[in-house]
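Below is upload-v3.cif, which holds mmCIF, C-alpha atoms.
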```
data_coords
#
loop_
_atom_site.label_atom_id
_atom_site.label_comp_id
_atom_site.auth_asym_id
_atom_site.auth_seq_id
_atom_site.Cartn_x
_atom_site.Cartn_y
_atom_site.Cartn_z
CA MET A 19 4.72 -19.91 22.13
CA ILE A 20 3.15 -17.45 24.52
CA GLU A 21 5.88 -14.84 23.88
CA HIS A 22 5.02 -14.88 20.16
CA ASP A 23 1.33 -14.47 20.94
CA VAL A 24 1.97 -11.47 23.21
CA VAL A 25 4.12 -9.75 20.56
CA ILE A 26 1.49 -10.40 17.88
CA LEU A 27 -1.28 -9.03 20.11
CA LEU A 28 0.71 -5.88 20.97
CA VAL A 29 1.58 -5.17 17.32
CA ALA A 30 -2.05 -5.81 16.35
CA ALA A 31 -3.23 -3.35 19.02
CA GLY A 32 -0.68 -0.70 17.96
CA THR A 33 -1.57 -1.07 14.29
CA TYR A 34 -5.29 -0.90 14.98
CA LEU A 35 -4.98 2.17 17.19
CA SER A 36 -2.88 4.02 14.58
CA ARG A 37 -5.73 3.42 12.12
CA TYR A 38 -8.65 3.90 14.49
CA LEU A 39 -7.80 6.94 16.64
CA PRO A 40 -7.53 9.52 13.81
CA VAL A 41 -10.88 8.34 12.39
CA ARG A 42 -12.50 8.37 15.82
CA PHE A 43 -11.34 11.90 16.64
CA ASN A 44 -11.63 13.40 13.15
CA GLU A 45 -13.78 16.31 14.45
CA LYS A 46 -10.71 17.74 16.17
CA PHE A 47 -8.80 17.72 12.89
CA ARG A 48 -11.66 19.35 10.97
CA GLU A 49 -11.39 22.42 13.17
CA LEU A 50 -7.84 23.06 11.95
CA LYS A 51 -7.68 25.80 9.32
CA GLY A 52 -6.29 24.76 5.91
CA PHE A 53 -6.11 21.12 6.98
CA ASP A 54 -8.25 19.96 4.01
CA GLU A 55 -5.83 21.43 1.48
CA PHE A 56 -2.90 19.93 3.36
CA LEU A 57 -4.51 16.50 3.23
CA THR A 58 -5.30 16.76 -0.48
CA TYR A 59 -1.64 17.27 -1.33
CA SER A 60 -0.59 14.77 1.30
CA SER A 61 -2.68 12.00 -0.30
CA THR A 62 -1.09 12.65 -3.70
CA ALA A 63 2.40 12.54 -2.16
CA LEU A 64 1.58 9.31 -0.31
CA ILE A 65 0.37 7.53 -3.45
CA SER A 66 3.50 8.69 -5.26
CA ALA A 67 5.67 7.44 -2.38
CA LEU A 68 3.87 4.10 -2.35
CA PHE A 69 4.37 3.79 -6.09
CA VAL A 70 8.09 4.51 -5.84
CA THR A 71 8.70 2.12 -2.93
CA SER A 72 6.77 -0.69 -4.60
CA PHE A 73 8.60 -0.26 -7.90
CA VAL A 74 12.18 0.57 -6.97
CA SER A 75 14.42 -1.69 -4.98
CA PHE A 76 18.13 -1.45 -4.32
CA PRO A 77 20.44 -2.66 -5.74
CA VAL A 78 18.70 -2.01 -9.06
CA ASP A 79 18.21 -5.09 -11.23
CA LEU A 80 18.31 -3.73 -14.79
CA ARG A 81 16.41 -6.62 -16.36
CA ASN A 82 13.53 -6.51 -13.87
CA THR A 83 13.44 -2.70 -13.90
CA GLY A 84 13.31 -2.71 -17.70
CA ILE A 85 10.44 -5.21 -17.70
CA GLY A 86 8.67 -3.10 -15.08
CA ILE A 87 9.05 0.13 -17.07
CA VAL A 88 7.65 -1.44 -20.25
CA ALA A 89 4.75 -2.98 -18.32
CA LEU A 90 4.03 0.39 -16.66
CA ALA A 91 3.96 2.04 -20.09
CA PHE A 92 1.21 -0.42 -21.05
CA VAL A 93 -0.64 0.30 -17.79
CA TYR A 94 -0.45 4.02 -18.50
CA ALA A 95 -1.59 3.65 -22.12
CA SER A 96 -4.50 1.35 -21.28
CA TYR A 97 -5.69 3.63 -18.47
CA ARG A 98 -5.53 6.67 -20.76
CA LYS A 99 -7.51 4.77 -23.39
CA TRP A 100 -10.21 3.05 -21.29
CA GLU A 101 -9.96 4.60 -17.79
CA ASN A 102 -10.66 1.24 -16.16
CA LEU A 103 -8.56 0.62 -13.05
CA GLY A 104 -8.93 -3.18 -12.87
CA PHE A 105 -8.38 -3.73 -16.59
CA SER A 106 -5.27 -1.53 -16.60
CA VAL A 107 -3.75 -3.39 -13.65
CA LEU A 108 -4.44 -6.77 -15.24
CA THR A 109 -2.93 -5.53 -18.51
CA GLY A 110 0.21 -4.59 -16.59
CA VAL A 111 0.41 -8.00 -14.92
CA ALA A 112 -0.09 -9.79 -18.26
CA VAL A 113 2.59 -7.72 -20.02
CA HIS A 114 4.98 -8.18 -17.08
CA LEU A 115 4.47 -11.94 -17.19
CA ALA A 116 4.85 -12.11 -20.98
CA LEU A 117 8.10 -10.11 -20.89
CA SER A 118 9.48 -12.18 -18.00
CA LEU A 119 8.76 -15.38 -19.93
CA ALA A 120 10.36 -13.91 -23.05
CA CYS A 121 13.50 -12.98 -21.10
CA ILE A 122 13.75 -16.44 -19.54
CA SER A 123 13.29 -18.06 -22.96
CA LEU A 124 16.02 -15.88 -24.46
CA LEU A 125 18.44 -16.73 -21.66
CA PHE A 126 17.59 -20.42 -22.06
CA MET A 127 18.21 -20.26 -25.83
CA LYS A 128 21.54 -18.50 -25.24
CA THR A 129 22.60 -21.19 -22.79
CA ILE A 130 21.71 -23.97 -25.22
CA LEU A 131 23.35 -22.34 -28.25
CA MET B 4 -21.85 -0.35 -2.69
CA PHE B 5 -20.25 -3.15 -0.69
CA ARG B 6 -20.26 -5.38 -3.79
CA LYS B 7 -18.75 -2.61 -5.90
CA GLY B 8 -15.99 -2.25 -3.35
CA LEU B 9 -15.46 -6.00 -3.30
CA ALA B 10 -15.15 -6.04 -7.10
CA SER B 11 -12.72 -3.12 -7.00
CA SER B 12 -10.55 -5.01 -4.54
CA LEU B 13 -9.52 -7.52 -7.23
CA PRO B 14 -6.27 -5.75 -8.23
CA ILE B 15 -5.34 -5.47 -4.55
CA ALA B 16 -6.18 -9.12 -3.90
CA ILE B 17 -4.06 -10.26 -6.87
CA GLY B 18 -1.09 -8.35 -5.52
CA TYR B 19 -1.56 -9.41 -1.90
CA PHE B 20 -1.85 -13.15 -2.45
CA PRO B 21 1.76 -14.01 -3.36
CA VAL B 22 3.11 -11.66 -0.67
CA ALA B 23 0.90 -13.36 1.92
CA VAL B 24 2.07 -16.80 0.77
CA THR B 25 5.66 -15.59 1.18
CA PHE B 26 4.81 -14.33 4.66
CA GLY B 27 3.37 -17.72 5.62
CA LEU B 28 6.45 -19.52 4.34
CA SER B 29 8.91 -17.10 5.97
CA ALA B 30 7.17 -17.27 9.34
CA ALA B 31 7.24 -21.06 9.24
CA ALA B 32 10.94 -20.98 8.33
CA LEU B 33 11.63 -18.66 11.30
CA GLY B 34 9.97 -21.03 13.73
CA PHE B 35 6.49 -19.56 14.05
CA SER B 36 3.73 -22.08 14.56
CA ARG B 37 0.93 -22.28 12.01
CA VAL B 38 -1.55 -20.84 14.51
CA ASP B 39 0.69 -17.88 15.37
CA THR B 40 1.34 -17.09 11.71
CA LEU B 41 -2.35 -17.14 10.89
CA LEU B 42 -3.10 -15.13 14.03
CA ALA B 43 -0.66 -12.43 12.87
CA SER B 44 -2.39 -12.09 9.49
CA LEU B 45 -5.86 -12.24 11.03
CA LEU B 46 -5.20 -9.61 13.70
CA ILE B 47 -2.51 -7.29 12.28
CA PHE B 48 -3.25 -7.19 8.52
CA ALA B 49 -0.24 -5.03 7.65
CA GLY B 50 2.38 -6.59 5.39
CA ALA B 51 5.58 -4.69 6.21
CA SER B 52 4.91 -4.83 9.96
CA GLN B 53 4.27 -8.55 9.92
CA PHE B 54 7.52 -9.23 8.08
CA ALA B 55 9.35 -6.96 10.54
CA LEU B 56 7.73 -8.76 13.46
CA ILE B 57 8.80 -12.25 12.41
CA SER B 58 12.33 -11.16 11.55
CA LEU B 59 12.83 -9.33 14.88
CA ILE B 60 11.19 -11.89 17.16
CA SER B 61 14.52 -12.76 18.81
CA CYS B 62 14.27 -9.37 20.56
CA PRO B 63 10.61 -9.02 21.62
CA LEU B 64 10.86 -5.28 22.38
CA ASP B 65 12.11 -4.52 18.85
CA ALA B 66 9.52 -6.91 17.45
CA VAL B 67 6.80 -4.71 18.97
CA VAL B 68 8.23 -1.18 18.63
CA ILE B 69 9.54 -1.32 15.03
CA PRO B 70 6.39 -2.77 13.41
CA VAL B 71 4.26 -0.20 15.24
CA PHE B 72 6.61 2.58 14.08
CA LEU B 73 6.34 1.28 10.51
CA ASN B 74 2.58 1.75 10.80
CA LEU B 75 2.67 5.38 11.90
CA ARG B 76 1.92 6.38 8.30
CA HIS B 77 -1.55 4.91 8.86
CA ILE B 78 -2.29 7.89 11.10
CA VAL B 79 -2.04 10.14 8.04
CA TYR B 80 -4.16 7.72 5.97
CA SER B 81 -6.87 7.63 8.62
CA CYS B 82 -6.88 11.43 8.92
CA ILE B 83 -7.41 11.76 5.17
CA ILE B 84 -10.11 9.07 4.99
CA SER B 85 -12.02 10.56 7.92
CA GLN B 86 -12.04 13.95 6.16
CA LYS B 87 -13.23 12.58 2.82
CA PHE B 88 -15.84 10.08 4.02
CA GLU B 89 -18.63 10.20 6.54
CA ILE B 90 -17.44 7.39 8.77
CA LYS B 91 -20.22 5.99 10.96
CA ARG B 92 -18.48 2.87 12.21
CA PRO B 93 -14.83 3.81 12.68
CA TYR B 94 -14.03 0.63 14.64
CA ILE B 95 -14.84 -1.45 11.51
CA THR B 96 -13.54 0.86 8.78
CA ALA B 97 -10.21 1.50 10.51
CA PHE B 98 -9.24 -2.16 10.75
CA GLY B 99 -8.50 -2.78 7.08
CA LEU B 100 -7.04 0.58 6.11
CA THR B 101 -3.88 -0.69 4.41
CA ASP B 102 -1.72 1.28 1.94
CA GLU B 103 -3.55 -0.11 -1.08
CA VAL B 104 -7.05 0.17 0.39
CA PHE B 105 -6.33 3.77 1.36
CA ALA B 106 -5.00 4.68 -2.10
CA THR B 107 -7.95 3.04 -3.89
CA SER B 108 -10.48 4.69 -1.55
CA LEU B 109 -9.30 8.13 -2.61
CA LYS B 110 -10.73 7.64 -6.11
CA ALA B 111 -13.78 5.73 -4.92
CA PRO B 112 -17.43 6.65 -4.39
CA LYS B 113 -17.79 8.48 -1.08
CA ASN B 114 -19.44 5.61 0.73
CA GLU B 115 -18.20 3.78 3.80
CA ARG B 116 -19.61 0.46 2.54
CA PHE B 117 -17.42 0.73 -0.55
CA ILE B 118 -14.36 0.81 1.73
CA TRP B 119 -15.70 -2.22 3.61
CA GLY B 120 -15.94 -4.08 0.27
CA LEU B 121 -12.37 -3.12 -0.60
CA GLU B 122 -11.15 -4.15 2.83
CA THR B 123 -12.98 -7.48 2.77
CA GLY B 124 -11.51 -8.51 -0.60
CA ALA B 125 -8.01 -7.46 0.42
CA TYR B 126 -8.32 -9.12 3.85
CA LEU B 127 -9.58 -12.43 2.45
CA SER B 128 -6.74 -12.52 -0.05
CA TRP B 129 -4.21 -11.76 2.68
CA VAL B 130 -5.51 -14.39 5.10
CA LEU B 131 -6.02 -17.01 2.38
CA GLY B 132 -2.51 -16.36 1.03
CA THR B 133 -1.06 -16.77 4.52
CA LEU B 134 -2.99 -20.03 4.94
CA VAL B 135 -1.61 -21.35 1.64
CA GLY B 136 1.91 -20.31 2.71
CA VAL B 137 1.50 -21.95 6.11
CA LEU B 138 0.18 -25.17 4.59
CA GLY B 139 3.14 -25.40 2.22
CA GLY B 140 3.14 -22.81 -0.50
CA THR B 141 6.65 -23.87 -1.55
CA VAL B 142 5.27 -25.45 -4.71
CA LEU B 143 3.27 -22.33 -5.56
CA LEU B 144 6.19 -19.96 -4.99
CA SER B 145 8.71 -22.15 -6.77
CA GLU B 146 7.30 -20.54 -9.88
CA LYS B 147 9.80 -17.69 -9.85
CA ILE B 148 8.33 -16.00 -12.92
CA LEU B 149 4.72 -15.81 -11.76
CA THR B 150 5.30 -14.32 -8.30
CA PRO B 151 7.03 -11.04 -9.37
CA SER B 152 4.34 -10.50 -12.01
CA LEU B 153 1.56 -10.91 -9.45
CA VAL B 154 3.32 -8.60 -6.99
CA PHE B 155 3.67 -6.09 -9.84
CA ALA B 156 -0.12 -5.64 -9.63
CA LEU B 157 0.43 -3.34 -6.63
CA THR B 158 2.87 -1.09 -8.52
CA ALA B 159 0.45 -0.93 -11.45
CA LEU B 160 -2.38 -0.08 -9.07
CA PHE B 161 -0.45 2.83 -7.54
CA LEU B 162 0.43 4.18 -10.99
CA VAL B 163 -3.21 4.09 -12.08
CA LEU B 164 -4.20 5.94 -8.92
CA LEU B 165 -1.46 8.48 -9.49
CA ILE B 166 -2.28 9.32 -13.14
CA PRO B 167 -5.21 11.70 -12.42
CA ASN B 168 -2.85 13.72 -10.19
CA PHE B 169 -0.40 14.59 -12.96
CA LYS B 170 -1.48 18.23 -13.07
CA GLY B 171 -0.85 21.54 -11.28
CA TYR B 172 0.40 21.53 -7.72
CA HIS B 173 -0.61 17.88 -7.32
CA ALA B 174 2.10 16.90 -9.82
CA LEU B 175 4.60 18.84 -7.73
CA SER B 176 3.41 17.13 -4.56
CA ALA B 177 3.75 13.74 -6.28
CA LEU B 178 7.26 14.62 -7.44
CA ILE B 179 8.43 15.74 -4.00
CA GLY B 180 6.76 12.77 -2.28
CA GLY B 181 8.27 10.33 -4.77
CA THR B 182 11.75 11.81 -4.34
CA ILE B 183 11.60 11.63 -0.55
CA ALA B 184 10.41 8.01 -0.77
CA LEU B 185 13.19 7.14 -3.21
CA VAL B 186 15.90 8.57 -0.96
CA PHE B 187 14.60 6.72 2.10
CA GLN B 188 14.10 3.54 0.09
CA TYR B 189 17.79 3.75 -0.81
CA LEU B 190 18.63 4.14 2.88
CA GLY B 191 16.53 1.08 3.70
CA GLN B 192 13.85 3.09 5.54
CA ALA B 193 10.90 2.81 3.18
CA SER B 194 8.16 3.28 5.79
CA THR B 195 9.81 6.38 7.25
CA GLY B 196 10.08 7.76 3.71
CA ILE B 197 6.37 7.22 3.08
CA LEU B 198 5.46 8.90 6.36
CA LEU B 199 7.73 11.91 5.68
CA ALA B 200 6.48 12.18 2.09
CA GLY B 201 2.92 12.51 3.41
CA ILE B 202 3.95 15.27 5.83
CA LEU B 203 6.74 17.24 4.10
CA SER B 204 5.37 17.32 0.53
CA PRO B 205 2.15 19.20 1.32
CA ILE B 206 4.09 21.65 3.52
CA ALA B 207 6.50 22.39 0.65
CA VAL B 208 3.68 22.66 -1.92
CA LEU B 209 1.59 24.97 0.27
CA LYS B 210 4.61 27.22 0.84
CA LEU B 211 5.32 27.40 -2.90
CA LYS B 212 1.65 28.01 -3.62
CA GLY B 213 1.57 30.87 -1.10
CA ARG B 214 4.69 32.39 -2.66
CA ASP B 215 3.22 32.11 -6.18
CA LYS B 216 0.05 33.89 -5.03
CA LYS B 217 2.12 36.75 -3.59
CA VAL B 218 4.05 37.10 -6.87
CA VAL B 219 0.79 37.24 -8.88
CA LYS B 220 -0.58 39.97 -6.60
#
```

Let me see whether you can do it: turn the structure in this file into structure tokens.
Amino acid sequence: MIEHDVVILLVAAGTYLSRYLPVRFNEKFRELKGFDEFLTYSSTALISALFVTSFVSFPVDLRNTGIGIVALAFVYASYRKWENLGFSVLTGVAVHLALSLACISLLFMKTIL
Amino acid sequence: MFRKGLASSLPIAIGYFPVAVTFGLSAAALGFSRVDTLLASLLIFAGASQFALISLISCPLDAVVIPVFLNLRHIVYSCIISQKFEIKRPYITAFGLTDEVFATSLKAPKNERFIWGLETGAYLSWVLGTLVGVLGGTVLLSEKILTPSLVFALTALFLVLLIPNFKGYHALSALIGGTIALVFQYLGQASTGILLAGILSPIAVLKLKGRDKKVVK
């Protein structure tokens, strides 16, 4: 439908401009005193916020949260040990999957018994 | 450098794929044509906004304003990237600056081509995932165990990017930012929380830092 296409185009334009304009006019921002330090702390806060929003959802599901916490512990440990971003992420995914399968198996066994 | 960026995009691509499949399926369920759904992923390339768009399409004004508002945090991302990198082709680099690409870029070599590699891998995964969803990803997503584990890749990625910041005032900034995000997540306003975390946390940290300096003097 044409209405859908117009909405998609407008959102695409808005999204692109919010990403493009600050890069295009970055010279203006560089002139601001103390802006570098502000941005350094801002980037840390943003990553932390992204982490929290991707991990926590309400209402809290204890089983999934528990699996997530254990998997994150493995991610943390593997990154501390090898400092390899990709490997650590894949370790987390593998542990998450293994724990999810284990939980499902346990529930299945309980149902049968 | 482009290839290095492409290789580094793997964790992002793993996380994006199932979300993109879900987007394709949801859009189809809400009456979007296959072409429109693909067009959204090809042109917008912003997960939360695309989901907001398809769910609000019954009111076209909301379907435009709310997704754009959700993306205001990208202004902060772009500001940071433009300060850290020498951007020669902003019209290309800006297009794929998603949450995950931004976060990964911060710990990356200071080269614009590296970002392009990251963006290309993430973009291909997003578009391909949407295509699979549009063409009938029901079978793929019926595996309820696999999907959450693949999506977990994004959480793991953010943690790995956060670890080097667990020191000094950066730890404080992370704590404040995380708390703001958590509160707004609870209120169902995750994007607003992210935006405010990026603005309010550094203000609070810089104030505390200034106060600490005065005390030392």

Selected residue, from A:Trp100, A:Phe43, A:Tyr59, A:Phe92, that lies nearest to chain B when counting all atoms listed in the file = A:Tyr59

What do you get, as a PyMOL selection string, if you spell out every residue that the PyMOL selection byres ((chain B and resi 26) around 9) selects here?
-> chain B and resi 21-25+27-31+40+44+50+53-54+57+132-133+136-137

Of the candidates B:Leu198, B:Val218, B:Leu64, B:Val186, which one gets nearest to A:Phe76 if we count all atoms listed in the file?
->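 With all atoms listed in the file as the atom set, the closest residue is B:Val186.
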
Tell me, in Å to one decimal, how far atom CA of A:Ile122 is from atom CA of A:Ala95.
->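 Spanning atom CA of A:Ile122 to atom CA of A:Ala95 is a straight-line distance of 25.4 Å.
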
Counting all atoms listed in the file, which of B:Ile15, B:Leu45, B:Ile78, B:Ala207 gets nearest to chain A?
-> B:Ile78

Apply the PyMOL selection byres ((chain A and resi 67) around 6) to the displayed file and report the matching residues as a list in words.
->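 That selection, the PyMOL selection byres ((chain A and resi 67) around 6), comes back as Leu64, Ile65, Ser66, Leu68, Phe69 and Val70 of chain A; Gly180, Gly181, Ala184 and Ile197 of chain B.
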
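Minimum atom-to-atom distance to B:Ala51, evaluated using only C-alpha atoms, belongs to B:Ala193 out of B:Leu211, B:Val104, B:Ala193, B:Val154.
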
In Å, how far is it from atom CA of B:Tyr126 to atom CA of A:Arg98?
->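 Atom-to-atom, atom CA of B:Tyr126 to atom CA of A:Arg98, that is 29.4 Å.
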
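The list of residues within 8 Å of (-4.8, 23.9, -2.6), counted using all atoms listed in the file, is Glu55, Phe56, Thr58 and Tyr59 of chain A; Tyr172, Leu209 and Lys212 of chain B.
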
Which residues come within 10 Å of A:Ala30, counting all atoms listed in the file, excluding same-chain residues fewer than 4 positions away, as a list in words?
-> Val24, Val25, Ile26, Tyr34 and Leu35 of chain A; Leu42, Ala43, Ser44, Leu45, Leu46, Ile47, Phe48, Ala49, Ser52, Gln53, Val67, Pro70, Val71 and Phe98 of chain B

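Taking all atoms listed in the file into account, A:Thr83 lies nearest to A:Ser118 out of the set A:Asn102, A:Ser118, A:Thr109, A:Ser61.
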
Please return stretch 124-136 of chain B, rebuilt to N, CA and C atoms, as a tab-separated table (two decimals), in the coordinates of the input.
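As a result, result-v2.tsv now contains:
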```tsv
chain	number	residue	atom	x	y	z
B	124	GLY	N	-12.22	-7.80	0.46
B	124	GLY	CA	-11.51	-8.51	-0.60
B	124	GLY	C	-10.02	-8.61	-0.31
B	125	ALA	N	-9.44	-7.48	0.12
B	125	ALA	CA	-8.01	-7.46	0.42
B	125	ALA	C	-7.68	-8.37	1.60
B	126	TYR	N	-8.53	-8.32	2.63
B	126	TYR	CA	-8.32	-9.12	3.85
B	126	TYR	C	-8.40	-10.62	3.55
B	127	LEU	N	-9.42	-11.01	2.78
B	127	LEU	CA	-9.58	-12.43	2.45
B	127	LEU	C	-8.38	-12.94	1.68
B	128	SER	N	-7.91	-12.12	0.73
B	128	SER	CA	-6.74	-12.52	-0.05
B	128	SER	C	-5.52	-12.68	0.85
B	129	TRP	N	-5.36	-11.74	1.78
B	129	TRP	CA	-4.21	-11.76	2.68
B	129	TRP	C	-4.24	-12.99	3.59
B	130	VAL	N	-5.39	-13.26	4.17
B	130	VAL	CA	-5.51	-14.39	5.10
B	130	VAL	C	-5.40	-15.71	4.34
B	131	LEU	N	-6.06	-15.79	3.19
B	131	LEU	CA	-6.02	-17.01	2.38
B	131	LEU	C	-4.59	-17.28	1.90
B	132	GLY	N	-3.90	-16.22	1.48
B	132	GLY	CA	-2.51	-16.36	1.03
B	132	GLY	C	-1.62	-16.86	2.16
B	133	THR	N	-1.84	-16.32	3.36
B	133	THR	CA	-1.06	-16.77	4.52
B	133	THR	C	-1.33	-18.25	4.79
B	134	LEU	N	-2.60	-18.63	4.70
B	134	LEU	CA	-2.99	-20.03	4.94
B	134	LEU	C	-2.28	-20.95	3.94
B	135	VAL	N	-2.27	-20.54	2.68
B	135	VAL	CA	-1.61	-21.35	1.64
B	135	VAL	C	-0.11	-21.44	1.96
B	136	GLY	N	0.49	-20.31	2.36
B	136	GLY	CA	1.91	-20.31	2.71
B	136	GLY	C	2.20	-21.22	3.89
```
